$ cat structure_31.pdb   # PDB, C-alpha atoms and all ligand atoms
MODEL        1
ATOM      1  CA  MET A  86      54.389  -3.673  20.644
ATOM      2  CA  SER A  87      54.253  -5.670  17.430
ATOM      3  CA  THR A  88      56.721  -5.490  14.559
ATOM      4  CA  PHE A  89      55.835  -4.463  11.028
ATOM      5  CA  ALA A  90      56.412  -8.085   9.968
ATOM      6  CA  GLU A  91      53.889  -9.370  12.544
ATOM      7  CA  ILE A  92      51.306  -6.827  11.407
ATOM      8  CA  TYR A  93      51.919  -7.739   7.787
ATOM      9  CA  ARG A  94      51.370 -11.443   8.561
ATOM     10  CA  LYS A  95      47.949 -10.610  10.052
ATOM     11  CA  ILE A  96      47.041  -8.544   6.985
ATOM     12  CA  GLU A  97      47.883 -11.555   4.806
ATOM     13  CA  GLN A  98      45.529 -13.749   6.846
ATOM     14  CA  TYR A  99      42.348 -11.655   6.526
ATOM     15  CA  SER A 100      40.129 -11.289   3.473
ATOM     16  CA  THR A 101      38.340  -8.169   4.758
ATOM     17  CA  ILE A 102      40.359  -5.286   6.193
ATOM     18  CA  ILE A 103      38.637  -2.118   7.382
ATOM     19  CA  LEU A 104      40.665   0.993   8.153
ATOM     20  CA  HIS A 105      39.545   3.599  10.666
ATOM     21  CA  ARG A 106      41.010   6.974  11.691
ATOM     22  CA  HIS A 107      40.131   9.679  14.172
ATOM     23  CA  THR A 108      37.029  11.903  14.189
ATOM     24  CA  SER A 109      37.278  15.478  12.870
ATOM     25  CA  PRO A 110      40.029  14.214  10.592
ATOM     26  CA  ASP A 111      43.112  16.175   9.639
ATOM     27  CA  PRO A 112      45.377  15.419   6.653
ATOM     28  CA  ASP A 113      47.420  12.896   8.666
ATOM     29  CA  ALA A 114      44.353  10.926   9.780
ATOM     30  CA  LEU A 115      42.969  10.729   6.237
ATOM     31  CA  GLY A 116      46.387  10.384   4.619
ATOM     32  CA  SER A 117      47.612   7.486   6.761
ATOM     33  CA  GLN A 118      44.320   5.642   6.296
ATOM     34  CA  ALA A 119      44.182   6.239   2.524
ATOM     35  CA  GLY A 120      47.858   5.453   1.895
ATOM     36  CA  LEU A 121      47.627   2.102   3.665
ATOM     37  CA  ALA A 122      44.289   1.217   2.056
ATOM     38  CA  ARG A 123      45.423   2.018  -1.486
ATOM     39  CA  SER A 124      48.660   0.105  -1.172
ATOM     40  CA  LEU A 125      46.916  -2.967   0.283
ATOM     41  CA  LYS A 126      44.327  -2.874  -2.513
ATOM     42  CA  LEU A 127      47.111  -2.974  -5.096
ATOM     43  CA  LYS A 128      48.967  -5.784  -3.340
ATOM     44  CA  PHE A 129      45.862  -7.857  -2.568
ATOM     45  CA  PRO A 130      43.225  -7.182  -5.258
ATOM     46  CA  GLU A 131      41.245 -10.191  -4.032
ATOM     47  CA  LYS A 132      40.722  -8.750  -0.522
ATOM     48  CA  ARG A 133      37.985  -6.279   0.515
ATOM     49  CA  ILE A 134      39.760  -3.175   1.820
ATOM     50  CA  LEU A 135      37.456  -0.436   3.121
ATOM     51  CA  CYS A 136      37.999   3.031   4.609
ATOM     52  CA  ALA A 137      35.526   3.856   7.372
ATOM     53  CA  GLY A 138      34.785   7.131   9.070
ATOM     54  CA  GLU A 139      31.862   9.393   9.690
ATOM     55  CA  ASN A 140      31.942  10.799   6.154
ATOM     56  CA  ASP A 141      33.194  14.018   7.710
ATOM     57  CA  GLU A 142      36.113  14.641   5.343
ATOM     58  CA  GLY A 143      34.837  18.215   4.760
ATOM     59  CA  ASP A 144      37.388  20.404   2.985
ATOM     60  CA  LEU A 145      39.794  17.444   2.926
ATOM     61  CA  ILE A 146      37.753  15.335   0.539
ATOM     62  CA  TRP A 147      40.626  15.743  -1.965
ATOM     63  CA  ILE A 148      42.709  13.383   0.188
ATOM     64  CA  ASN A 149      40.236  10.510   0.340
ATOM     65  CA  LYS A 150      36.563   9.620   0.392
ATOM     66  CA  MET A 151      35.152   7.106   2.866
ATOM     67  CA  ASP A 152      33.459   3.838   1.882
ATOM     68  CA  LYS A 153      29.984   2.961   3.134
ATOM     69  CA  VAL A 154      30.246   0.267   5.811
ATOM     70  CA  THR A 155      27.666  -1.674   7.818
ATOM     71  CA  ALA A 156      28.032  -3.986  10.816
ATOM     72  CA  ALA A 157      27.811  -6.984   8.450
ATOM     73  CA  ASP A 158      31.071  -5.930   6.759
ATOM     74  CA  TYR A 159      32.933  -6.476  10.026
ATOM     75  CA  ARG A 160      32.151 -10.170  10.383
ATOM     76  CA  GLY A 161      35.563 -11.871  10.547
ATOM     77  CA  ALA A 162      37.306  -8.645   9.527
ATOM     78  CA  LEU A 163      40.651  -7.196  10.511
ATOM     79  CA  VAL A 164      40.294  -3.580  11.685
ATOM     80  CA  ILE A 165      43.275  -1.236  11.614
ATOM     81  CA  THR A 166      43.146   2.243  13.139
ATOM     82  CA  THR A 167      45.674   4.878  12.152
ATOM     83  CA  ASP A 168      46.504   8.149  13.938
ATOM     84  CA  THR A 169      44.021   7.478  16.764
ATOM     85  CA  ALA A 170      45.209   7.329  20.368
ATOM     86  CA  ASN A 171      41.995   6.493  22.195
ATOM     87  CA  THR A 172      38.748   4.632  21.499
ATOM     88  CA  ALA A 173      36.579   7.716  22.094
ATOM     89  CA  ARG A 174      38.246   9.314  19.065
ATOM     90  CA  ILE A 175      37.882   6.393  16.639
ATOM     91  CA  ALA A 176      35.579   7.639  13.900
ATOM     92  CA  ASN A 177      32.660   5.258  13.625
ATOM     93  CA  ASP A 178      31.840   2.841  16.422
ATOM     94  CA  LEU A 179      31.450  -0.093  14.033
ATOM     95  CA  TYR A 180      35.158  -0.854  14.539
ATOM     96  CA  ARG A 181      34.088  -2.849  17.627
ATOM     97  CA  HIS A 182      32.511  -5.528  15.420
ATOM     98  CA  GLY A 183      35.796  -6.643  13.871
ATOM     99  CA  ASN A 184      37.639  -9.861  14.641
ATOM    100  CA  LEU A 185      41.065  -8.361  15.398
ATOM    101  CA  LEU A 186      42.068  -4.750  16.077
ATOM    102  CA  ILE A 187      45.461  -3.247  15.196
ATOM    103  CA  LYS A 188      46.519   0.282  16.170
ATOM    104  CA  ILE A 189      49.174   2.170  14.171
ATOM    105  CA  ASP A 190      49.793   5.584  15.708
ATOM    106  CA  HIS A 191      52.201   8.360  16.617
ATOM    107  CA  HIS A 192      50.412   9.772  19.678
ATOM    108  CA  PRO A 193      51.499   8.865  23.210
ATOM    109  CA  ASP A 194      49.925   5.473  23.899
ATOM    110  CA  VAL A 195      47.464   6.718  26.523
ATOM    111  CA  GLU A 196      44.988   3.904  25.848
ATOM    112  CA  PRO A 197      46.478   0.674  24.489
ATOM    113  CA  TYR A 198      43.099  -0.458  23.158
ATOM    114  CA  ALA A 199      44.090  -2.835  20.354
ATOM    115  CA  ASP A 200      45.021  -6.533  20.140
ATOM    116  CA  MET A 201      48.238  -5.556  18.357
ATOM    117  CA  SER A 202      49.844  -2.170  18.009
ATOM    118  CA  TYR A 203      52.716  -0.244  16.504
ATOM    119  CA  VAL A 204      53.083   3.109  18.258
ATOM    120  CA  ASP A 205      56.003   5.498  17.793
ATOM    121  CA  ASP A 206      55.282   8.778  19.539
ATOM    122  CA  GLN A 207      58.522  10.252  18.223
ATOM    123  CA  ALA A 208      57.295   9.989  14.624
ATOM    124  CA  PRO A 209      56.012  13.337  13.332
ATOM    125  CA  ALA A 210      53.077  11.783  11.492
ATOM    126  CA  ALA A 211      51.184   8.494  11.327
ATOM    127  CA  SER A 212      51.599   8.806   7.559
ATOM    128  CA  GLN A 213      55.374   8.549   8.004
ATOM    129  CA  ILE A 214      54.933   5.293   9.936
ATOM    130  CA  ILE A 215      52.674   3.937   7.183
ATOM    131  CA  ALA A 216      55.259   4.900   4.554
ATOM    132  CA  ASP A 217      57.947   3.121   6.625
ATOM    133  CA  PHE A 218      55.699   0.066   6.851
ATOM    134  CA  LEU A 219      55.033  -0.033   3.094
ATOM    135  CA  ILE A 220      58.736   0.342   2.285
ATOM    136  CA  GLU A 221      59.885  -2.245   4.832
ATOM    137  CA  GLU A 222      57.282  -4.791   3.734
ATOM    138  CA  ASN A 223      57.828  -4.134   0.015
ATOM    139  CA  LEU A 224      54.264  -3.005  -0.579
ATOM    140  CA  PRO A 225      53.266  -0.913  -3.618
ATOM    141  CA  LEU A 226      54.216   2.769  -3.468
ATOM    142  CA  THR A 227      52.499   4.329  -6.476
ATOM    143  CA  PRO A 228      51.588   8.033  -6.908
ATOM    144  CA  ALA A 229      48.036   7.294  -5.653
ATOM    145  CA  VAL A 230      49.537   5.787  -2.480
ATOM    146  CA  ALA A 231      52.211   8.461  -2.019
ATOM    147  CA  TYR A 232      49.852  11.418  -2.528
ATOM    148  CA  PRO A 233      47.808  11.099   0.706
ATOM    149  CA  LEU A 234      50.899  10.050   2.692
ATOM    150  CA  TYR A 235      52.776  13.159   1.590
ATOM    151  CA  ALA A 236      49.713  15.271   2.507
ATOM    152  CA  GLY A 237      49.639  13.670   5.960
ATOM    153  CA  ILE A 238      53.323  14.302   6.566
ATOM    154  CA  ILE A 239      53.322  17.936   5.535
ATOM    155  CA  GLY A 240      50.083  18.451   7.447
ATOM    156  CA  ASP A 241      51.379  17.103  10.762
ATOM    157  CA  THR A 242      54.907  18.524  10.460
ATOM    158  CA  GLY A 243      53.595  21.993   9.560
ATOM    159  CA  ARG A 244      55.542  21.625   6.335
ATOM    160  CA  PHE A 245      58.645  20.262   8.086
ATOM    161  CA  MET A 246      58.653  22.954  10.793
ATOM    162  CA  TYR A 247      57.791  21.025  13.955
ATOM    163  CA  PRO A 248      60.566  19.468  16.042
ATOM    164  CA  GLU A 249      59.718  15.794  15.383
ATOM    165  CA  THR A 250      60.781  16.329  11.764
ATOM    166  CA  THR A 251      64.079  14.487  11.222
ATOM    167  CA  ALA A 252      66.456  13.479   8.443
ATOM    168  CA  HIS A 253      64.427  10.261   8.252
ATOM    169  CA  THR A 254      61.311  12.326   7.443
ATOM    170  CA  PHE A 255      63.172  13.838   4.495
ATOM    171  CA  ASN A 256      64.312  10.387   3.357
ATOM    172  CA  ILE A 257      60.717   9.222   3.382
ATOM    173  CA  VAL A 258      59.282  12.260   1.599
ATOM    174  CA  ALA A 259      62.052  11.961  -1.012
ATOM    175  CA  LYS A 260      60.772   8.452  -1.764
ATOM    176  CA  LEU A 261      57.178   9.689  -1.908
ATOM    177  CA  ALA A 262      58.131  12.602  -4.181
ATOM    178  CA  ALA A 263      60.096  10.225  -6.435
ATOM    179  CA  THR A 264      56.822   8.539  -7.412
ATOM    180  CA  GLY A 265      56.037  11.689  -9.382
ATOM    181  CA  ILE A 266      53.303  13.209  -7.200
ATOM    182  CA  ASN A 267      52.601  16.920  -7.561
ATOM    183  CA  ILE A 268      54.042  18.227  -4.302
ATOM    184  CA  THR A 269      53.159  21.845  -5.125
ATOM    185  CA  GLU A 270      49.515  20.924  -5.569
ATOM    186  CA  ILE A 271      49.475  19.069  -2.245
ATOM    187  CA  ALA A 272      51.156  21.937  -0.378
ATOM    188  CA  ARG A 273      48.677  24.406  -1.897
ATOM    189  CA  ASN A 274      45.724  22.170  -1.033
ATOM    190  CA  ILE A 275      46.934  22.122   2.577
ATOM    191  CA  SER A 276      47.841  25.805   2.896
ATOM    192  CA  ASP A 277      45.433  27.787   0.744
ATOM    193  CA  VAL A 278      42.340  29.091   2.493
ATOM    194  CA  THR A 279      39.090  30.539   1.217
ATOM    195  CA  PHE A 280      38.423  34.241   1.569
ATOM    196  CA  VAL A 281      36.102  33.519   4.456
ATOM    197  CA  GLN A 282      38.720  31.418   6.233
ATOM    198  CA  ALA A 283      41.225  34.264   5.777
ATOM    199  CA  LYS A 284      38.701  36.598   7.418
ATOM    200  CA  LEU A 285      38.374  34.115  10.260
ATOM    201  CA  GLN A 286      42.151  34.188  10.709
ATOM    202  CA  ALA A 287      41.968  38.001  10.782
ATOM    203  CA  GLU A 288      39.279  37.720  13.449
ATOM    204  CA  VAL A 289      41.575  35.537  15.565
ATOM    205  CA  LEU A 290      44.366  38.102  15.290
ATOM    206  CA  ASP A 291      41.954  40.972  16.002
ATOM    207  CA  TYR A 292      40.357  39.523  19.116
ATOM    208  CA  MET A 293      43.233  37.456  20.475
ATOM    209  CA  LYS A 294      44.268  38.181  24.064
ATOM    210  CA  VAL A 295      47.955  37.900  24.876
ATOM    211  CA  ASP A 296      49.365  37.435  28.362
ATOM    212  CA  PRO A 297      52.803  39.038  28.950
ATOM    213  CA  CYS A 298      54.262  35.529  29.590
ATOM    214  CA  GLY A 299      53.702  34.653  25.907
ATOM    215  CA  ALA A 300      50.456  32.679  26.222
ATOM    216  CA  ALA A 301      47.547  33.746  24.020
ATOM    217  CA  TYR A 302      43.991  32.746  23.291
ATOM    218  CA  ALA A 303      41.151  33.525  20.936
ATOM    219  CA  VAL A 304      37.509  32.540  21.067
ATOM    220  CA  LEU A 305      35.518  32.040  17.874
ATOM    221  CA  SER A 306      31.904  32.264  18.928
ATOM    222  CA  LYS A 307      28.934  30.716  17.146
ATOM    223  CA  ASP A 308      27.814  34.242  16.262
ATOM    224  CA  ALA A 309      31.181  35.183  14.748
ATOM    225  CA  LEU A 310      31.163  31.984  12.679
ATOM    226  CA  ALA A 311      27.552  32.520  11.597
ATOM    227  CA  LYS A 312      28.308  36.105  10.551
ATOM    228  CA  LEU A 313      30.959  34.810   8.157
ATOM    229  CA  GLY A 314      28.823  31.847   7.089
ATOM    230  CA  VAL A 315      31.282  29.141   8.183
ATOM    231  CA  ASP A 316      30.697  26.079  10.314
ATOM    232  CA  SER A 317      32.873  25.217  13.281
ATOM    233  CA  ASN A 318      34.737  22.487  11.339
ATOM    234  CA  GLN A 319      36.136  25.053   8.908
ATOM    235  CA  ALA A 320      37.654  27.020  11.781
ATOM    236  CA  SER A 321      40.643  24.700  12.184
ATOM    237  CA  CYS A 322      42.475  26.838   9.589
ATOM    238  CA  THR A 323      42.891  29.436  12.344
ATOM    239  CA  VAL A 324      44.689  27.183  14.804
ATOM    240  CA  ALA A 325      48.245  27.953  13.659
ATOM    241  CA  THR A 326      47.591  31.684  13.243
ATOM    242  CA  PRO A 327      48.632  32.980  16.713
ATOM    243  CA  GLY A 328      51.872  30.989  16.510
ATOM    244  CA  ARG A 329      53.081  33.062  13.590
ATOM    245  CA  ILE A 330      53.746  35.877  16.069
ATOM    246  CA  LYS A 331      57.264  35.703  17.504
ATOM    247  CA  ASP A 332      56.399  36.508  21.130
ATOM    248  CA  ILE A 333      53.605  33.956  21.415
ATOM    249  CA  ILE A 334      54.899  30.587  22.596
ATOM    250  CA  ALA A 335      51.720  28.768  23.642
ATOM    251  CA  TRP A 336      48.119  29.370  22.694
ATOM    252  CA  ASN A 337      44.539  28.183  22.715
ATOM    253  CA  VAL A 338      41.923  28.625  20.040
ATOM    254  CA  PHE A 339      38.410  27.955  21.333
ATOM    255  CA  VAL A 340      35.767  27.249  18.697
ATOM    256  CA  GLU A 341      32.156  27.288  19.833
ATOM    257  CA  LYS A 342      30.184  24.309  18.519
ATOM    258  CA  PRO A 343      26.473  24.411  17.560
ATOM    259  CA  ASP A 344      25.566  22.947  21.003
ATOM    260  CA  GLY A 345      27.293  25.821  22.827
ATOM    261  CA  THR A 346      30.285  23.773  24.049
ATOM    262  CA  TYR A 347      33.794  24.530  22.793
ATOM    263  CA  ARG A 348      36.328  22.581  20.795
ATOM    264  CA  VAL A 349      39.678  23.512  22.299
ATOM    265  CA  HIS A 350      42.925  23.641  20.344
ATOM    266  CA  TYR A 351      46.249  23.778  22.217
ATOM    267  CA  ARG A 352      49.483  24.612  20.422
ATOM    268  CA  SER A 353      52.952  25.332  21.791
ATOM    269  CA  LYS A 354      56.510  26.115  20.776
ATOM    270  CA  GLY A 355      57.952  24.713  24.025
ATOM    271  CA  PRO A 356      55.692  24.323  27.080
ATOM    272  CA  VAL A 357      54.225  20.808  27.226
ATOM    273  CA  ILE A 358      50.458  21.075  26.806
ATOM    274  CA  ASN A 359      49.058  17.550  26.372
ATOM    275  CA  GLU A 360      48.856  17.042  30.143
ATOM    276  CA  LEU A 361      46.692  20.169  30.326
ATOM    277  CA  ALA A 362      44.449  18.882  27.517
ATOM    278  CA  ALA A 363      44.044  15.561  29.344
ATOM    279  CA  LYS A 364      42.369  17.427  32.221
ATOM    280  CA  HIS A 365      39.653  18.607  29.852
ATOM    281  CA  ASP A 366      38.459  15.497  28.049
ATOM    282  CA  GLY A 367      41.336  15.691  25.592
ATOM    283  CA  GLY A 368      44.884  14.763  24.771
ATOM    284  CA  GLY A 369      47.359  14.735  21.912
ATOM    285  CA  HIS A 370      51.026  15.517  21.409
ATOM    286  CA  ALA A 371      53.383  17.430  23.696
ATOM    287  CA  LEU A 372      53.105  20.530  21.492
ATOM    288  CA  ALA A 373      49.751  20.037  19.735
ATOM    289  CA  SER A 374      46.654  18.860  21.551
ATOM    290  CA  GLY A 375      42.900  19.158  21.585
ATOM    291  CA  ALA A 376      40.174  19.069  24.219
ATOM    292  CA  ASN A 377      36.609  20.111  24.998
ATOM    293  CA  ALA A 378      35.174  22.837  27.229
ATOM    294  CA  GLN A 379      31.590  22.845  28.444
ATOM    295  CA  ASP A 380      31.221  26.609  28.847
ATOM    296  CA  LEU A 381      33.055  29.939  29.099
ATOM    297  CA  ALA A 382      33.988  29.253  32.739
ATOM    298  CA  GLU A 383      35.956  26.185  31.597
ATOM    299  CA  VAL A 384      37.454  28.232  28.732
ATOM    300  CA  LYS A 385      38.749  30.696  31.308
ATOM    301  CA  GLN A 386      40.151  27.928  33.479
ATOM    302  CA  ILE A 387      41.897  26.285  30.522
ATOM    303  CA  PHE A 388      43.655  29.496  29.592
ATOM    304  CA  ALA A 389      44.648  30.159  33.222
ATOM    305  CA  GLU A 390      46.315  26.714  33.253
ATOM    306  CA  LEU A 391      48.106  27.497  29.998
ATOM    307  CA  VAL A 392      49.417  30.769  31.439
ATOM    308  CA  GLN A 393      50.697  28.898  34.501
ATOM    309  CA  VAL A 394      52.585  26.302  32.432
ATOM    310  CA  THR A 395      53.967  28.988  30.110
ATOM    311  CA  LYS A 396      55.246  31.024  33.054
ATOM    312  CA  GLU A 397      56.952  27.947  34.527
ATOM    313  CA  TYR A 398      58.532  27.209  31.146
ATOM    314  CA  GLN A 399      59.754  30.810  30.760
ATOM    315  CA  LYS A 400      61.220  30.747  34.253
ATOM    316  CA  LYS A 401      63.150  27.541  33.496
ATOM    317  CA  HIS A 402      64.478  28.991  30.247
ATOM    318  CA  GLU A 403      65.414  32.495  31.488
TER     319      GLU A 403
HETATM  320  P1  LIG B   1      43.542  19.592  16.901
HETATM  321  O1  LIG B   1      43.751  20.788  17.776
HETATM  322  O2  LIG B   1      42.123  19.156  16.848
HETATM  323  O3  LIG B   1      44.155  19.819  15.550
HETATM  324  O4  LIG B   1      44.332  18.366  17.534
HETATM  325  C1  LIG B   1      45.690  18.384  17.817
HETATM  326  C2  LIG B   1      46.134  17.004  18.249
HETATM  327  O5  LIG B   1      45.457  16.623  19.429
HETATM  328  C3  LIG B   1      45.840  15.909  17.222
HETATM  329  O6  LIG B   1      46.930  15.011  17.218
HETATM  330  C4  LIG B   1      44.608  15.248  17.727
HETATM  331  O7  LIG B   1      44.563  13.893  17.363
HETATM  332  C5  LIG B   1      44.718  15.428  19.234
HETATM  333  N1  LIG B   1      43.374  15.668  19.816
HETATM  334  C6  LIG B   1      42.499  16.624  19.451
HETATM  335  N2  LIG B   1      41.374  16.568  20.192
HETATM  336  C7  LIG B   1      41.537  15.541  21.051
HETATM  337  C8  LIG B   1      40.722  14.959  22.074
HETATM  338  N3  LIG B   1      39.514  15.438  22.379
HETATM  339  N4  LIG B   1      41.227  13.893  22.750
HETATM  340  C9  LIG B   1      42.457  13.395  22.458
HETATM  341  N5  LIG B   1      43.262  13.899  21.511
HETATM  342  C10 LIG B   1      42.837  14.956  20.808
ENDMDL
END

$ encode --input "structure_31.pdb" --output "structure tokens" --more "lines below"
Ligand code: AMP
Amino acid sequence: MSTFAEIYRKIEQYSTIILHRHTSPDPDALGSQAGLARSLKLKFPEKRILCAGENDEGDLIWINKMDKVTAADYRGALVITTDTANTARIANDLYRHGNLLIKIDHHPDVEPYADMSYVDDQAPAASQIIADFLIEENLPLTPAVAYPLYAGIIGDTGRFMYPETTAHTFNIVAKLAATGINITEIARNISDVTFVQAKLQAEVLDYMKVDPCGAAYAVLSKDALAKLGVDSNQASCTVATPGRIKDIIAWNVFVEKPDGTYRVHYRSKGPVINELAAKHDGGGHALASGANAQDLAEVKQIFAELVQVTKEYQKKHE
């Protein structure tokens, strides 16, 4: 693993730096990418600093908008990925054309794909690592830099609820808040849903199946999404919904994609679920992971595995 100082020295050496994050971005993916990009632009106005993705920011366009990039931009460029554990999840394949690749991430390092990396899987958000980096290397921390980083941290900590949140997280967000950003606006942007999304959440609660062990699942079919006029990307607002119920300790939300396969969300309050996700073309954190299912048979199998792990966890904690 490289140090912040080593990464900073590489940044100094390159005149073009292109930042990538993961596909289907969440606030931490966009926030870590935007926070780093904006700070580097302020520090090095003479460099070309670009944010690349698949222009799939969706409802999160308020955090950051991607730049247009072509293969030519990557000639001799430094590429930095944030919040992205494996190459299959790097948004936009053009990253391969860079000269040097640096990974900055908080997922378990399942695929050490970069030339240099800084990975801390105990950090609650990649945005927290970026904030640490900016502070340690004395890089600009203006409101425009702090805003996406704060969004990323409250997004990935569930507003300071998940167990990786520490006193250090609060030290960092205090520094971000001290820049004068509107933290109420950011929290509202993250939490507020549209009427249709609220109806989708109601649908999850209505049709959710709960096993007596405390595992639950809900399937959002293409038809259900079409009836409400939402696309599958907007369904991620339902992922935390089952967890608001006391007795549910692990759950899956399956969202049917236009091609009939399913995007799988795993969440947990205790049982470790990223090893389960890894069996189904996925991965992630111990308590928050994602995967893919080809059909309803695989959906059924995934939930059966979740029930098994939840039962084992309950037995251990009786
Ligand atoms: P999600 O359920 O999509 O919000 O993802 C939860 C966590 O799992 C995030 O940290 C994602 O980066 C990670 N994740 C989601 N889908 C995948 C996947 N197919 N492969 C690896 N990691 C994933």

$ residues_near_ligand --input "structure_31.pdb" --ligand "ligand LIG 1 (chain B)" --cutoff "6 Å" --atoms "all atoms listed in the file" --output "PyMOL selection string"
chain A and resi 350-351+366-370+373-376

$ atom_distance --input "structure_31.pdb" --atom1 "CA of Ile358 in chain A" --atom2 "CA of Thr251 in chain A"
21.7 Å

$ residues_around --input "structure_31.pdb" --residues "Leu381 in chain A" --least-positions-apart "6" --cutoff "12 Å" --atoms "only C-alpha atoms" --output "PDB file with C-alpha atoms, in the frame of the given file"
ATOM      1  CA  VAL A 304      37.509  32.540  21.067  1.00  0.00           C
ATOM      2  CA  LEU A 305      35.518  32.040  17.874  1.00  0.00           C
ATOM      3  CA  SER A 306      31.904  32.264  18.928  1.00  0.00           C
ATOM      4  CA  PHE A 339      38.410  27.955  21.333  1.00  0.00           C
ATOM      5  CA  VAL A 340      35.767  27.249  18.697  1.00  0.00           C
ATOM      6  CA  GLU A 341      32.156  27.288  19.833  1.00  0.00           C
ATOM      7  CA  GLY A 345      27.293  25.821  22.827  1.00  0.00           C
ATOM      8  CA  THR A 346      30.285  23.773  24.049  1.00  0.00           C
ATOM      9  CA  TYR A 347      33.794  24.530  22.793  1.00  0.00           C
ATOM     10  CA  ARG A 348      36.328  22.581  20.795  1.00  0.00           C
ATOM     11  CA  VAL A 349      39.678  23.512  22.299  1.00  0.00           C
ATOM     12  CA  ILE A 387      41.897  26.285  30.522  1.00  0.00           C
ATOM     13  CA  PHE A 388      43.655  29.496  29.592  1.00  0.00           C
TER      14      PHE A 388
END

$ atom_distance --input "structure_31.pdb" --atom1 "CA of Thr250 in chain A" --atom2 "CA of Arg273 in chain A"
20.0 Å

$ atom_distance --input "structure_31.pdb" --atom1 "CA of Leu125 in chain A" --atom2 "CA of Gln207 in chain A"
25.1 Å

$ decode --input "structure_31.pdb" --residues "range 219-244 of chain A" --atoms "C-alpha atoms" --output "short mmCIF file (atom, residue, chain, number, x, y, z; two decimals), in the first residue's frame"
data_model
loop_
_atom_site.label_atom_id
_atom_site.label_comp_id
_atom_site.auth_asym_id
_atom_site.auth_seq_id
_atom_site.Cartn_x
_atom_site.Cartn_y
_atom_site.Cartn_z
CA LEU A 219 -6.70 16.57 1.48
CA ILE A 220 -6.14 17.56 5.11
CA GLU A 221 -2.88 15.62 5.47
CA GLU A 222 -1.47 16.99 2.21
CA ASN A 223 -2.66 20.55 2.88
CA LEU A 224 -4.87 20.67 -0.19
CA PRO A 225 -7.72 23.19 -0.56
CA LEU A 226 -10.86 22.42 1.45
CA THR A 227 -13.42 24.96 0.24
CA PRO A 228 -17.23 24.63 0.47
CA ALA A 229 -17.32 23.29 -3.12
CA VAL A 230 -14.85 20.56 -2.10
CA ALA A 231 -16.49 19.81 1.25
CA TYR A 232 -20.04 19.59 -0.12
CA PRO A 233 -19.69 16.33 -2.13
CA LEU A 234 -17.42 14.80 0.54
CA TYR A 235 -20.00 15.44 3.24
CA ALA A 236 -22.69 13.93 0.96
CA GLY A 237 -20.53 10.84 0.46
CA ILE A 238 -19.93 10.39 4.17
CA ILE A 239 -23.54 10.72 5.24
CA GLY A 240 -24.58 8.52 2.32
CA ASP A 241 -22.28 5.62 3.20
CA THR A 242 -22.65 5.90 6.99
CA GLY A 243 -26.46 6.04 6.76
CA ARG A 244 -26.19 9.41 8.47
#
